[in-house]
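Peer 1: Structure supplied as structure-v6.pdb; contents: PDB, C-alpha atoms and all ligand atoms.
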ATOM      1  CA  MET A 296     -13.868 -12.677 -22.198  1.00  0.00           C
ATOM      2  CA  LEU A 297     -11.221 -14.837 -20.509  1.00  0.00           C
ATOM      3  CA  GLU A 298     -10.380 -14.115 -16.890  1.00  0.00           C
ATOM      4  CA  ILE A 299      -6.621 -13.524 -16.820  1.00  0.00           C
ATOM      5  CA  PHE A 300      -4.480 -13.345 -13.666  1.00  0.00           C
ATOM      6  CA  ASP A 301      -0.867 -12.668 -14.585  1.00  0.00           C
ATOM      7  CA  SER A 302       1.150 -14.110 -11.710  1.00  0.00           C
ATOM      8  CA  HIS A 303       4.485 -12.591 -12.773  1.00  0.00           C
ATOM      9  CA  ALA A 304       5.226  -9.332 -14.591  1.00  0.00           C
ATOM     10  CA  HIS A 305       7.717  -6.467 -14.513  1.00  0.00           C
ATOM     11  CA  TYR A 306       5.775  -3.347 -15.497  1.00  0.00           C
ATOM     12  CA  ASP A 307       8.445  -1.285 -13.740  1.00  0.00           C
ATOM     13  CA  ASP A 308      10.831  -2.275 -16.575  1.00  0.00           C
ATOM     14  CA  ARG A 309      12.064   0.611 -18.698  1.00  0.00           C
ATOM     15  CA  GLN A 310      10.596  -1.024 -21.812  1.00  0.00           C
ATOM     16  CA  PHE A 311       7.262   0.305 -20.478  1.00  0.00           C
ATOM     17  CA  ASP A 312       8.464   3.843 -19.765  1.00  0.00           C
ATOM     18  CA  ALA A 313       6.834   5.362 -22.864  1.00  0.00           C
ATOM     19  CA  ASP A 314       3.296   4.001 -22.315  1.00  0.00           C
ATOM     20  CA  ARG A 315       3.108   2.290 -18.894  1.00  0.00           C
ATOM     21  CA  GLN A 316      -0.013   4.013 -17.549  1.00  0.00           C
ATOM     22  CA  GLU A 317      -2.008   3.751 -20.830  1.00  0.00           C
ATOM     23  CA  LEU A 318      -1.096   0.086 -21.211  1.00  0.00           C
ATOM     24  CA  LEU A 319      -2.035  -0.800 -17.621  1.00  0.00           C
ATOM     25  CA  ALA A 320      -5.289   1.149 -17.876  1.00  0.00           C
ATOM     26  CA  ALA A 321      -6.280  -0.855 -20.992  1.00  0.00           C
ATOM     27  CA  LEU A 322      -5.581  -4.315 -19.515  1.00  0.00           C
ATOM     28  CA  PRO A 323      -8.877  -4.813 -17.625  1.00  0.00           C
ATOM     29  CA  GLY A 324     -10.574  -4.358 -21.022  1.00  0.00           C
ATOM     30  CA  GLU A 325      -8.616  -7.412 -22.223  1.00  0.00           C
ATOM     31  CA  GLY A 326      -9.890  -9.553 -19.344  1.00  0.00           C
ATOM     32  CA  VAL A 327      -6.963  -8.993 -16.991  1.00  0.00           C
ATOM     33  CA  VAL A 328      -8.350  -9.261 -13.452  1.00  0.00           C
ATOM     34  CA  GLY A 329      -5.046  -9.372 -11.582  1.00  0.00           C
ATOM     35  CA  ILE A 330      -1.302  -8.887 -11.951  1.00  0.00           C
ATOM     36  CA  LEU A 331       1.509  -9.661  -9.549  1.00  0.00           C
ATOM     37  CA  ASN A 332       4.293  -7.228 -10.350  1.00  0.00           C
ATOM     38  CA  CYS A 333       7.662  -8.489  -9.126  1.00  0.00           C
ATOM     39  CA  GLY A 334      10.567  -6.280  -8.140  1.00  0.00           C
ATOM     40  CA  SER A 335      13.959  -7.659  -9.066  1.00  0.00           C
ATOM     41  CA  ASP A 336      16.175  -5.059  -7.455  1.00  0.00           C
ATOM     42  CA  TRP A 337      15.804  -2.328  -4.879  1.00  0.00           C
ATOM     43  CA  LYS A 338      14.627   0.289  -7.408  1.00  0.00           C
ATOM     44  CA  GLY A 339      12.194  -2.151  -9.026  1.00  0.00           C
ATOM     45  CA  SER A 340      10.734  -3.076  -5.651  1.00  0.00           C
ATOM     46  CA  LEU A 341      10.135   0.579  -4.875  1.00  0.00           C
ATOM     47  CA  ALA A 342       8.508   1.093  -8.316  1.00  0.00           C
ATOM     48  CA  THR A 343       6.358  -2.007  -7.700  1.00  0.00           C
ATOM     49  CA  PHE A 344       5.266  -0.501  -4.403  1.00  0.00           C
ATOM     50  CA  GLU A 345       4.159   2.662  -6.248  1.00  0.00           C
ATOM     51  CA  LEU A 346       2.388   0.744  -9.056  1.00  0.00           C
ATOM     52  CA  CYS A 347       0.330  -1.425  -6.721  1.00  0.00           C
ATOM     53  CA  ARG A 348      -0.946   1.652  -4.948  1.00  0.00           C
ATOM     54  CA  GLN A 349      -2.000   3.196  -8.285  1.00  0.00           C
ATOM     55  CA  HIS A 350      -3.867   0.238  -9.816  1.00  0.00           C
ATOM     56  CA  ASP A 351      -6.555  -1.755  -7.995  1.00  0.00           C
ATOM     57  CA  PHE A 352      -5.884  -4.975  -9.905  1.00  0.00           C
ATOM     58  CA  LEU A 353      -2.110  -4.840  -9.494  1.00  0.00           C
ATOM     59  CA  TYR A 354      -0.391  -6.456  -6.488  1.00  0.00           C
ATOM     60  CA  GLY A 355       3.251  -6.335  -5.547  1.00  0.00           C
ATOM     61  CA  ALA A 356       6.072  -8.712  -4.725  1.00  0.00           C
ATOM     62  CA  VAL A 357       9.224  -7.078  -3.403  1.00  0.00           C
ATOM     63  CA  GLY A 358      12.664  -8.639  -3.336  1.00  0.00           C
ATOM     64  CA  ILE A 359      16.172  -8.844  -4.734  1.00  0.00           C
ATOM     65  CA  HIS A 360      16.771 -11.112  -7.747  1.00  0.00           C
ATOM     66  CA  PRO A 361      19.841 -13.393  -7.556  1.00  0.00           C
ATOM     67  CA  GLY A 362      21.484 -11.438 -10.377  1.00  0.00           C
ATOM     68  CA  ASN A 363      21.372  -8.388  -8.092  1.00  0.00           C
ATOM     69  CA  ALA A 364      22.311 -10.195  -4.878  1.00  0.00           C
ATOM     70  CA  GLY A 365      25.317  -7.855  -4.542  1.00  0.00           C
ATOM     71  CA  GLU A 366      22.826  -5.080  -3.679  1.00  0.00           C
ATOM     72  CA  TRP A 367      21.801  -6.788  -0.457  1.00  0.00           C
ATOM     73  CA  ASN A 368      22.480  -4.988   2.813  1.00  0.00           C
ATOM     74  CA  LEU A 369      20.766  -4.253   6.125  1.00  0.00           C
ATOM     75  CA  GLN A 370      19.172  -1.079   4.828  1.00  0.00           C
ATOM     76  CA  VAL A 371      17.599  -2.876   1.840  1.00  0.00           C
ATOM     77  CA  ARG A 372      16.376  -5.564   4.235  1.00  0.00           C
ATOM     78  CA  GLN A 373      14.756  -2.955   6.477  1.00  0.00           C
ATOM     79  CA  GLN A 374      13.073  -1.229   3.522  1.00  0.00           C
ATOM     80  CA  LEU A 375      11.656  -4.508   2.184  1.00  0.00           C
ATOM     81  CA  LEU A 376      10.244  -5.210   5.641  1.00  0.00           C
ATOM     82  CA  GLU A 377       8.565  -1.807   5.687  1.00  0.00           C
ATOM     83  CA  MET A 378       6.999  -2.284   2.228  1.00  0.00           C
ATOM     84  CA  LEU A 379       5.656  -5.675   3.310  1.00  0.00           C
ATOM     85  CA  GLU A 380       3.504  -3.876   5.869  1.00  0.00           C
ATOM     86  CA  HIS A 381       1.349  -2.546   2.983  1.00  0.00           C
ATOM     87  CA  PRO A 382      -1.709  -4.724   2.252  1.00  0.00           C
ATOM     88  CA  LYS A 383      -1.089  -4.653  -1.541  1.00  0.00           C
ATOM     89  CA  VAL A 384       2.444  -6.038  -1.108  1.00  0.00           C
ATOM     90  CA  VAL A 385       1.508  -9.702  -0.929  1.00  0.00           C
ATOM     91  CA  ALA A 386       4.667 -11.686  -1.715  1.00  0.00           C
ATOM     92  CA  VAL A 387       8.465 -11.742  -1.506  1.00  0.00           C
ATOM     93  CA  GLY A 388      10.090 -11.895  -4.929  1.00  0.00           C
ATOM     94  CA  GLU A 389      11.602 -12.153  -7.348  1.00  0.00           C
ATOM     95  CA  ILE A 390      14.213 -14.092  -5.411  1.00  0.00           C
ATOM     96  CA  GLY A 391      16.130 -17.265  -6.149  1.00  0.00           C
ATOM     97  CA  LEU A 392      19.206 -18.726  -7.790  1.00  0.00           C
ATOM     98  CA  ASP A 393      20.607 -18.060 -11.266  1.00  0.00           C
ATOM     99  CA  TYR A 394      23.690 -20.079 -12.212  1.00  0.00           C
ATOM    100  CA  TYR A 395      23.303 -19.369 -15.937  1.00  0.00           C
ATOM    101  CA  TRP A 396      25.175 -16.073 -16.174  1.00  0.00           C
ATOM    102  CA  ASP A 397      28.896 -16.082 -15.271  1.00  0.00           C
ATOM    103  CA  SER A 398      28.596 -12.380 -14.465  1.00  0.00           C
ATOM    104  CA  ASN A 399      26.135 -13.088 -11.606  1.00  0.00           C
ATOM    105  CA  PRO A 400      27.268 -12.902  -7.971  1.00  0.00           C
ATOM    106  CA  PRO A 401      28.966 -16.074  -6.640  1.00  0.00           C
ATOM    107  CA  ARG A 402      26.623 -18.948  -5.760  1.00  0.00           C
ATOM    108  CA  GLY A 403      27.359 -18.605  -2.036  1.00  0.00           C
ATOM    109  CA  VAL A 404      26.266 -14.968  -2.082  1.00  0.00           C
ATOM    110  CA  GLN A 405      23.085 -15.799  -4.030  1.00  0.00           C
ATOM    111  CA  GLN A 406      22.239 -18.566  -1.548  1.00  0.00           C
ATOM    112  CA  GLU A 407      22.784 -16.338   1.477  1.00  0.00           C
ATOM    113  CA  VAL A 408      20.605 -13.528   0.063  1.00  0.00           C
ATOM    114  CA  LEU A 409      17.923 -16.064  -0.861  1.00  0.00           C
ATOM    115  CA  ARG A 410      17.888 -17.499   2.677  1.00  0.00           C
ATOM    116  CA  GLU A 411      17.656 -14.019   4.217  1.00  0.00           C
ATOM    117  CA  GLN A 412      14.607 -13.263   2.049  1.00  0.00           C
ATOM    118  CA  ILE A 413      13.003 -16.644   2.752  1.00  0.00           C
ATOM    119  CA  SER A 414      13.269 -15.895   6.458  1.00  0.00           C
ATOM    120  CA  ILE A 415      11.509 -12.552   5.851  1.00  0.00           C
ATOM    121  CA  ALA A 416       8.722 -14.365   3.960  1.00  0.00           C
ATOM    122  CA  LEU A 417       8.339 -16.882   6.791  1.00  0.00           C
ATOM    123  CA  GLN A 418       8.287 -14.139   9.429  1.00  0.00           C
ATOM    124  CA  HIS A 419       5.575 -12.247   7.541  1.00  0.00           C
ATOM    125  CA  ASP A 420       3.729 -15.354   6.381  1.00  0.00           C
ATOM    126  CA  ARG A 421       4.013 -14.355   2.707  1.00  0.00           C
ATOM    127  CA  PRO A 422       4.577 -16.625  -0.295  1.00  0.00           C
ATOM    128  CA  VAL A 423       7.788 -16.381  -2.307  1.00  0.00           C
ATOM    129  CA  VAL A 424       8.231 -15.967  -6.064  1.00  0.00           C
ATOM    130  CA  LEU A 425      11.246 -18.081  -6.956  1.00  0.00           C
ATOM    131  CA  HIS A 426      13.540 -17.697  -9.938  1.00  0.00           C
ATOM    132  CA  ASP A 427      15.509 -20.857 -10.760  1.00  0.00           C
ATOM    133  CA  ARG A 428      17.774 -20.875 -13.765  1.00  0.00           C
ATOM    134  CA  GLU A 429      20.206 -23.776 -14.132  1.00  0.00           C
ATOM    135  CA  ALA A 430      19.897 -24.247 -10.348  1.00  0.00           C
ATOM    136  CA  HIS A 431      17.286 -27.005 -10.062  1.00  0.00           C
ATOM    137  CA  GLY A 432      19.236 -29.118  -7.534  1.00  0.00           C
ATOM    138  CA  ASP A 433      19.902 -26.309  -5.056  1.00  0.00           C
ATOM    139  CA  THR A 434      16.368 -24.909  -5.524  1.00  0.00           C
ATOM    140  CA  MET A 435      14.836 -28.261  -4.611  1.00  0.00           C
ATOM    141  CA  SER A 436      17.135 -28.528  -1.556  1.00  0.00           C
ATOM    142  CA  ILE A 437      15.781 -25.155  -0.390  1.00  0.00           C
ATOM    143  CA  LEU A 438      12.176 -26.296  -0.954  1.00  0.00           C
ATOM    144  CA  ARG A 439      12.753 -29.560   0.919  1.00  0.00           C
ATOM    145  CA  LEU A 440      14.310 -27.667   3.821  1.00  0.00           C
ATOM    146  CA  PHE A 441      11.805 -24.822   4.157  1.00  0.00           C
ATOM    147  CA  ALA A 442       8.446 -26.254   3.011  1.00  0.00           C
ATOM    148  CA  PRO A 443       8.085 -28.222   6.278  1.00  0.00           C
ATOM    149  CA  ARG A 444       8.680 -24.905   8.113  1.00  0.00           C
ATOM    150  CA  GLY A 445       5.745 -23.290   6.311  1.00  0.00           C
ATOM    151  CA  LEU A 446       7.330 -21.834   3.163  1.00  0.00           C
ATOM    152  CA  ARG A 447       4.820 -21.393   0.310  1.00  0.00           C
ATOM    153  CA  GLY A 448       5.588 -20.173  -3.171  1.00  0.00           C
ATOM    154  CA  VAL A 449       5.742 -20.472  -6.932  1.00  0.00           C
ATOM    155  CA  LEU A 450       8.532 -21.691  -9.171  1.00  0.00           C
ATOM    156  CA  HIS A 451       8.144 -18.975 -11.753  1.00  0.00           C
ATOM    157  CA  SER A 452       8.561 -19.722 -15.474  1.00  0.00           C
ATOM    158  CA  PHE A 453       9.006 -23.349 -14.534  1.00  0.00           C
ATOM    159  CA  SER A 454      11.725 -25.056 -16.583  1.00  0.00           C
ATOM    160  CA  GLY A 455      12.312 -28.324 -14.738  1.00  0.00           C
ATOM    161  CA  SER A 456      11.368 -31.923 -15.426  1.00  0.00           C
ATOM    162  CA  VAL A 457       8.080 -33.700 -14.679  1.00  0.00           C
ATOM    163  CA  GLU A 458       9.785 -35.391 -11.709  1.00  0.00           C
ATOM    164  CA  MET A 459      10.833 -32.024 -10.262  1.00  0.00           C
ATOM    165  CA  ALA A 460       7.350 -30.622 -10.911  1.00  0.00           C
ATOM    166  CA  ARG A 461       5.744 -33.525  -9.056  1.00  0.00           C
ATOM    167  CA  GLU A 462       8.030 -33.099  -6.053  1.00  0.00           C
ATOM    168  CA  ALA A 463       7.518 -29.303  -5.886  1.00  0.00           C
ATOM    169  CA  VAL A 464       3.746 -29.735  -6.099  1.00  0.00           C
ATOM    170  CA  GLY A 465       3.931 -32.421  -3.412  1.00  0.00           C
ATOM    171  CA  LEU A 466       5.610 -29.822  -1.183  1.00  0.00           C
ATOM    172  CA  GLY A 467       2.645 -27.489  -1.839  1.00  0.00           C
ATOM    173  CA  PHE A 468       4.287 -25.237  -4.416  1.00  0.00           C
ATOM    174  CA  PHE A 469       2.720 -23.716  -7.515  1.00  0.00           C
ATOM    175  CA  LEU A 470       4.324 -23.779 -10.970  1.00  0.00           C
ATOM    176  CA  GLY A 471       4.301 -20.642 -13.127  1.00  0.00           C
ATOM    177  CA  ILE A 472       3.608 -21.427 -16.790  1.00  0.00           C
ATOM    178  CA  SER A 473       4.976 -18.739 -19.093  1.00  0.00           C
ATOM    179  CA  GLY A 474       4.555 -18.069 -22.812  1.00  0.00           C
ATOM    180  CA  VAL A 475       7.314 -20.633 -23.380  1.00  0.00           C
ATOM    181  CA  VAL A 476       4.504 -23.258 -23.409  1.00  0.00           C
ATOM    182  CA  THR A 477       3.536 -21.947 -26.894  1.00  0.00           C
ATOM    183  CA  TYR A 478       7.039 -22.474 -28.330  1.00  0.00           C
ATOM    184  CA  LYS A 479       7.740 -25.378 -30.680  1.00  0.00           C
ATOM    185  CA  ASN A 480      10.583 -26.742 -28.522  1.00  0.00           C
ATOM    186  CA  ALA A 481       8.559 -26.736 -25.271  1.00  0.00           C
ATOM    187  CA  ARG A 482       8.274 -30.530 -25.086  1.00  0.00           C
ATOM    188  CA  LYS A 483       9.280 -30.789 -21.394  1.00  0.00           C
ATOM    189  CA  LEU A 484       6.929 -28.002 -20.299  1.00  0.00           C
ATOM    190  CA  VAL A 485       4.028 -29.524 -22.245  1.00  0.00           C
ATOM    191  CA  GLU A 486       4.603 -32.763 -20.353  1.00  0.00           C
ATOM    192  CA  VAL A 487       4.571 -30.856 -17.042  1.00  0.00           C
ATOM    193  CA  VAL A 488       1.274 -29.128 -17.942  1.00  0.00           C
ATOM    194  CA  GLN A 489      -0.168 -32.538 -18.805  1.00  0.00           C
ATOM    195  CA  GLU A 490       0.901 -34.254 -15.571  1.00  0.00           C
ATOM    196  CA  VAL A 491       0.526 -31.683 -12.785  1.00  0.00           C
ATOM    197  CA  PRO A 492      -2.909 -31.010 -11.186  1.00  0.00           C
ATOM    198  CA  LEU A 493      -4.458 -27.870 -12.703  1.00  0.00           C
ATOM    199  CA  GLU A 494      -4.924 -26.528  -9.145  1.00  0.00           C
ATOM    200  CA  HIS A 495      -1.139 -26.061  -8.911  1.00  0.00           C
ATOM    201  CA  LEU A 496      -0.625 -24.104 -12.139  1.00  0.00           C
ATOM    202  CA  LEU A 497      -0.375 -20.326 -12.440  1.00  0.00           C
ATOM    203  CA  VAL A 498      -0.062 -18.424 -15.715  1.00  0.00           C
ATOM    204  CA  GLU A 499       2.384 -15.583 -16.192  1.00  0.00           C
ATOM    205  CA  THR A 500       3.965 -13.286 -18.734  1.00  0.00           C
ATOM    206  CA  ASP A 501       7.329 -12.333 -17.185  1.00  0.00           C
ATOM    207  CA  ALA A 502       6.561  -9.180 -19.213  1.00  0.00           C
ATOM    208  CA  PRO A 503       8.324  -7.550 -20.976  1.00  0.00           C
ATOM    209  CA  TYR A 504      10.046 -10.910 -21.642  1.00  0.00           C
ATOM    210  CA  LEU A 505       8.935 -14.320 -22.978  1.00  0.00           C
ATOM    211  CA  ALA A 506       6.090 -13.205 -25.248  1.00  0.00           C
ATOM    212  CA  PRO A 507       4.073 -16.181 -26.523  1.00  0.00           C
ATOM    213  CA  VAL A 508       3.628 -17.172 -30.150  1.00  0.00           C
ATOM    214  CA  PRO A 509       2.486 -15.246 -32.269  1.00  0.00           C
ATOM    215  CA  PHE A 510       4.239 -12.361 -30.481  1.00  0.00           C
ATOM    216  CA  ARG A 511       7.503 -14.190 -29.748  1.00  0.00           C
ATOM    217  CA  GLY A 512      10.417 -11.740 -29.627  1.00  0.00           C
ATOM    218  CA  LYS A 513       8.127  -8.738 -29.110  1.00  0.00           C
ATOM    219  CA  ARG A 514       7.403  -6.906 -25.869  1.00  0.00           C
ATOM    220  CA  ASN A 515       5.102  -9.068 -23.763  1.00  0.00           C
ATOM    221  CA  GLN A 516       1.988  -7.868 -21.877  1.00  0.00           C
ATOM    222  CA  SER A 517      -0.655  -9.530 -19.703  1.00  0.00           C
ATOM    223  CA  GLY A 518      -3.383  -9.658 -22.386  1.00  0.00           C
ATOM    224  CA  TYR A 519      -1.186 -12.021 -24.441  1.00  0.00           C
ATOM    225  CA  ILE A 520      -1.624 -14.691 -21.750  1.00  0.00           C
ATOM    226  CA  ARG A 521      -4.702 -15.876 -23.636  1.00  0.00           C
ATOM    227  CA  HIS A 522      -2.337 -17.583 -26.104  1.00  0.00           C
ATOM    228  CA  GLY A 523      -0.693 -19.518 -23.277  1.00  0.00           C
ATOM    229  CA  LEU A 524      -4.121 -20.376 -21.839  1.00  0.00           C
ATOM    230  CA  GLU A 525      -5.261 -21.686 -25.221  1.00  0.00           C
ATOM    231  CA  ARG A 526      -2.223 -23.939 -25.365  1.00  0.00           C
ATOM    232  CA  ILE A 527      -2.746 -25.186 -21.773  1.00  0.00           C
ATOM    233  CA  ALA A 528      -6.425 -25.860 -22.530  1.00  0.00           C
ATOM    234  CA  ALA A 529      -5.493 -27.820 -25.670  1.00  0.00           C
ATOM    235  CA  ILE A 530      -2.869 -29.875 -23.798  1.00  0.00           C
ATOM    236  CA  ARG A 531      -5.333 -30.750 -21.024  1.00  0.00           C
ATOM    237  CA  GLU A 532      -8.331 -31.079 -23.360  1.00  0.00           C
ATOM    238  CA  ILE A 533     -10.472 -28.644 -21.364  1.00  0.00           C
ATOM    239  CA  PRO A 534     -12.273 -25.444 -22.425  1.00  0.00           C
ATOM    240  CA  VAL A 535     -10.002 -22.379 -22.410  1.00  0.00           C
ATOM    241  CA  GLU A 536     -12.494 -20.614 -20.114  1.00  0.00           C
ATOM    242  CA  GLU A 537     -11.929 -23.309 -17.517  1.00  0.00           C
ATOM    243  CA  ALA A 538      -8.125 -23.025 -17.804  1.00  0.00           C
ATOM    244  CA  ALA A 539      -8.453 -19.257 -17.270  1.00  0.00           C
ATOM    245  CA  ARG A 540     -10.942 -19.470 -14.416  1.00  0.00           C
ATOM    246  CA  VAL A 541      -9.003 -22.132 -12.483  1.00  0.00           C
ATOM    247  CA  THR A 542      -5.577 -20.488 -12.888  1.00  0.00           C
ATOM    248  CA  ALA A 543      -7.022 -17.114 -11.794  1.00  0.00           C
ATOM    249  CA  ALA A 544      -8.563 -18.764  -8.715  1.00  0.00           C
ATOM    250  CA  ASN A 545      -5.195 -20.450  -8.044  1.00  0.00           C
ATOM    251  CA  ALA A 546      -3.432 -17.068  -8.162  1.00  0.00           C
ATOM    252  CA  ARG A 547      -5.889 -15.589  -5.662  1.00  0.00           C
ATOM    253  CA  ARG A 548      -5.441 -18.566  -3.352  1.00  0.00           C
ATOM    254  CA  PHE A 549      -1.656 -18.393  -3.740  1.00  0.00           C
ATOM    255  CA  LEU A 550      -1.605 -14.709  -2.794  1.00  0.00           C
ATOM    256  CA  GLY A 551      -4.198 -14.972  -0.048  1.00  0.00           C
ATOM    257  CA  LEU A 552      -6.692 -12.764  -1.926  1.00  0.00           C
ATOM    258  CA  ALA A 553      -9.552 -15.259  -2.065  1.00  0.00           C
TER     259      ALA A 553
HETATM  260 ZN    ZN A 601      10.710 -12.197 -13.720  1.00  0.00          ZN
END
Would you write out, as structure tokens, the structure that this file holds?

Peer 2:
Amino acid sequence: MLEIFDSHAHYDDRQFDADRQELLAALPGEGVVGILNCGSDWKGSLATFELCRQHDFLYGAVGIHPGNAGEWNLQVRQQLLEMLEHPKVVAVGEIGLDYYWDSNPPRGVQQEVLREQISIALQHDRPVVLHDREAHGDTMSILRLFAPRGLRGVLHSFSGSVEMAREAVGLGFFLGISGVVTYKNARKLVEVVQEVPLEHLLVETDAPYLAPVPFRGKRNQSGYIRHGLERIAAIREIPVEEAARVTAANARRFLGLA
């Protein structure tokens, strides 16, 4: 069985309300050895905190997603700090910049909330899980500024160019490869998987979103990562077991679990 470490999932999402506990309980039987569940708002961070205390193989990232940056206040900040004291809360995320949706908070607000959360990650020596949608330039500016100060992290569901991938990896960052790698139009991502050292790749679902082929459009779950791993293995011309083993080891190193 393949060793699967899902570096980005949202099992707190309401799409899992009907069968969350049964589904999570079945995942180790599908080879899932680890999951990083990422909060994207205050409620989701709290639910993540609960989930990682209930399941041995599930770890938590807590944070406020750029789409919810309007939620940010001193009380939320204080509560995130308190959750980060728990040993199963191993990262700050999902945080970042999202310039795709016009309905999102203004860019200035997103940037300020991102910087606040980066400073929390630096204070607590935790990696960050970064969301970057249509914000590659500003995301790279943040990486260039904070990597020399010790910031570590992953660019989740990486969607940039090979050049951006090379620079991010040069700054010590990991790239999260989602089910998108199985899609027909994934030419740019295939090139990234080909060019970047395997030691810098993580695999992820972004469940319930981004299900790989042949489940595209359905609800995603961590067991489906084997389809992404098969594609990565084919691109790199290595056995799928090796792709699974190395990306799982990368996830443990990334999260300080090794
Ligand atoms: Zn996500």

Peer 1: Between A:Val327, A:Met435, A:Val408, A:Ala320, which is the closest to A:Arg521 once you count only C-alpha atoms?

Peer 2: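 Among the listed residues, the smallest separation from A:Arg521 belongs to A:Val327.
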
Peer 1: Within 12 Å of ligand ZN 601 (chain A) (counting all atoms listed in the file), which residues show up? I'd like them as an MDAnalysis selection string.

Peer 2: chainID A and resid 301:308 331:336 339 356:362 388:391 393 424:428 449:453 471 473 499:505 515

Peer 1: Write the selection just made, keeping C-alpha atoms, as a PDB file, in the coordinates of the input?

Peer 2:
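Contents of the output file part_7.pdb:
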ATOM      1  CA  ASP A 301      -0.867 -12.668 -14.585  1.00  0.00           C
ATOM      2  CA  SER A 302       1.150 -14.110 -11.710  1.00  0.00           C
ATOM      3  CA  HIS A 303       4.485 -12.591 -12.773  1.00  0.00           C
ATOM      4  CA  ALA A 304       5.226  -9.332 -14.591  1.00  0.00           C
ATOM      5  CA  HIS A 305       7.717  -6.467 -14.513  1.00  0.00           C
ATOM      6  CA  TYR A 306       5.775  -3.347 -15.497  1.00  0.00           C
ATOM      7  CA  ASP A 307       8.445  -1.285 -13.740  1.00  0.00           C
ATOM      8  CA  ASP A 308      10.831  -2.275 -16.575  1.00  0.00           C
ATOM      9  CA  LEU A 331       1.509  -9.661  -9.549  1.00  0.00           C
ATOM     10  CA  ASN A 332       4.293  -7.228 -10.350  1.00  0.00           C
ATOM     11  CA  CYS A 333       7.662  -8.489  -9.126  1.00  0.00           C
ATOM     12  CA  GLY A 334      10.567  -6.280  -8.140  1.00  0.00           C
ATOM     13  CA  SER A 335      13.959  -7.659  -9.066  1.00  0.00           C
ATOM     14  CA  ASP A 336      16.175  -5.059  -7.455  1.00  0.00           C
ATOM     15  CA  GLY A 339      12.194  -2.151  -9.026  1.00  0.00           C
ATOM     16  CA  ALA A 356       6.072  -8.712  -4.725  1.00  0.00           C
ATOM     17  CA  VAL A 357       9.224  -7.078  -3.403  1.00  0.00           C
ATOM     18  CA  GLY A 358      12.664  -8.639  -3.336  1.00  0.00           C
ATOM     19  CA  ILE A 359      16.172  -8.844  -4.734  1.00  0.00           C
ATOM     20  CA  HIS A 360      16.771 -11.112  -7.747  1.00  0.00           C
ATOM     21  CA  PRO A 361      19.841 -13.393  -7.556  1.00  0.00           C
ATOM     22  CA  GLY A 362      21.484 -11.438 -10.377  1.00  0.00           C
ATOM     23  CA  GLY A 388      10.090 -11.895  -4.929  1.00  0.00           C
ATOM     24  CA  GLU A 389      11.602 -12.153  -7.348  1.00  0.00           C
ATOM     25  CA  ILE A 390      14.213 -14.092  -5.411  1.00  0.00           C
ATOM     26  CA  GLY A 391      16.130 -17.265  -6.149  1.00  0.00           C
ATOM     27  CA  ASP A 393      20.607 -18.060 -11.266  1.00  0.00           C
ATOM     28  CA  VAL A 424       8.231 -15.967  -6.064  1.00  0.00           C
ATOM     29  CA  LEU A 425      11.246 -18.081  -6.956  1.00  0.00           C
ATOM     30  CA  HIS A 426      13.540 -17.697  -9.938  1.00  0.00           C
ATOM     31  CA  ASP A 427      15.509 -20.857 -10.760  1.00  0.00           C
ATOM     32  CA  ARG A 428      17.774 -20.875 -13.765  1.00  0.00           C
ATOM     33  CA  VAL A 449       5.742 -20.472  -6.932  1.00  0.00           C
ATOM     34  CA  LEU A 450       8.532 -21.691  -9.171  1.00  0.00           C
ATOM     35  CA  HIS A 451       8.144 -18.975 -11.753  1.00  0.00           C
ATOM     36  CA  SER A 452       8.561 -19.722 -15.474  1.00  0.00           C
ATOM     37  CA  PHE A 453       9.006 -23.349 -14.534  1.00  0.00           C
ATOM     38  CA  GLY A 471       4.301 -20.642 -13.127  1.00  0.00           C
ATOM     39  CA  SER A 473       4.976 -18.739 -19.093  1.00  0.00           C
ATOM     40  CA  GLU A 499       2.384 -15.583 -16.192  1.00  0.00           C
ATOM     41  CA  THR A 500       3.965 -13.286 -18.734  1.00  0.00           C
ATOM     42  CA  ASP A 501       7.329 -12.333 -17.185  1.00  0.00           C
ATOM     43  CA  ALA A 502       6.561  -9.180 -19.213  1.00  0.00           C
ATOM     44  CA  PRO A 503       8.324  -7.550 -20.976  1.00  0.00           C
ATOM     45  CA  TYR A 504      10.046 -10.910 -21.642  1.00  0.00           C
ATOM     46  CA  LEU A 505       8.935 -14.320 -22.978  1.00  0.00           C
ATOM     47  CA  ASN A 515       5.102  -9.068 -23.763  1.00  0.00           C
TER      48      ASN A 515
END

Peer 1: Between atom CA of A:Leu496 and atom CA of A:Glu407, what is the distance in Å, rounded to a tenth?

Peer 2: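 Between atom CA of A:Leu496 and atom CA of A:Glu407 the gap works out to 28.2 Å.
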
Peer 1: Quick check, in Å to one decimal: how far apart do atom CA of A:Ile472 and atom CA of A:Val371 lie?

Peer 2: 29.8 Å

Peer 1: Out of A:Ala321, A:Leu470, A:Ile299, A:Ala342, which residue has the shortest atom-to-atom distance to A:Ile520 when counting only C-alpha atoms?

Peer 2: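 Ranked by minimum distance to A:Ile520, first place goes to A:Ile299.
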
Peer 1: So, with all atoms listed in the file as the atoms that count, which of A:Arg421, A:Lys483, A:Lys383, A:Arg531 lies closest to A:Met459?

Peer 2: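 Checking each candidate against A:Met459, we get A:Lys483 as the closest.
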
Peer 1: Which value, in Å to one decimal, gives the distance between atom CA of A:Arg439 and atom CA of A:Ala463?

Peer 2: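 It comes out at 8.6 Å.
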
Peer 1: To test your reading of the syntax: which residues would the PyMOL selection byres (((chain A and resi 544) around 12) and not hetatm) return for the file shown? Reply as a list of chain:residue names.

Peer 2: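 The output of the PyMOL selection byres (((chain A and resi 544) around 12) and not hetatm) on this file is A:Glu298, A:Ile299, A:Phe300, A:Asp301, A:Ser302, A:Val328, A:Gly329, A:Leu493, A:Glu494, A:His495, A:Leu496, A:Leu497, A:Val498, A:Glu537, A:Ala538, A:Ala539, A:Arg540, A:Val541, A:Thr542, A:Ala543, A:Asn545, A:Ala546, A:Arg547, A:Arg548, A:Phe549, A:Leu550, A:Gly551, A:Leu552, A:Ala553.
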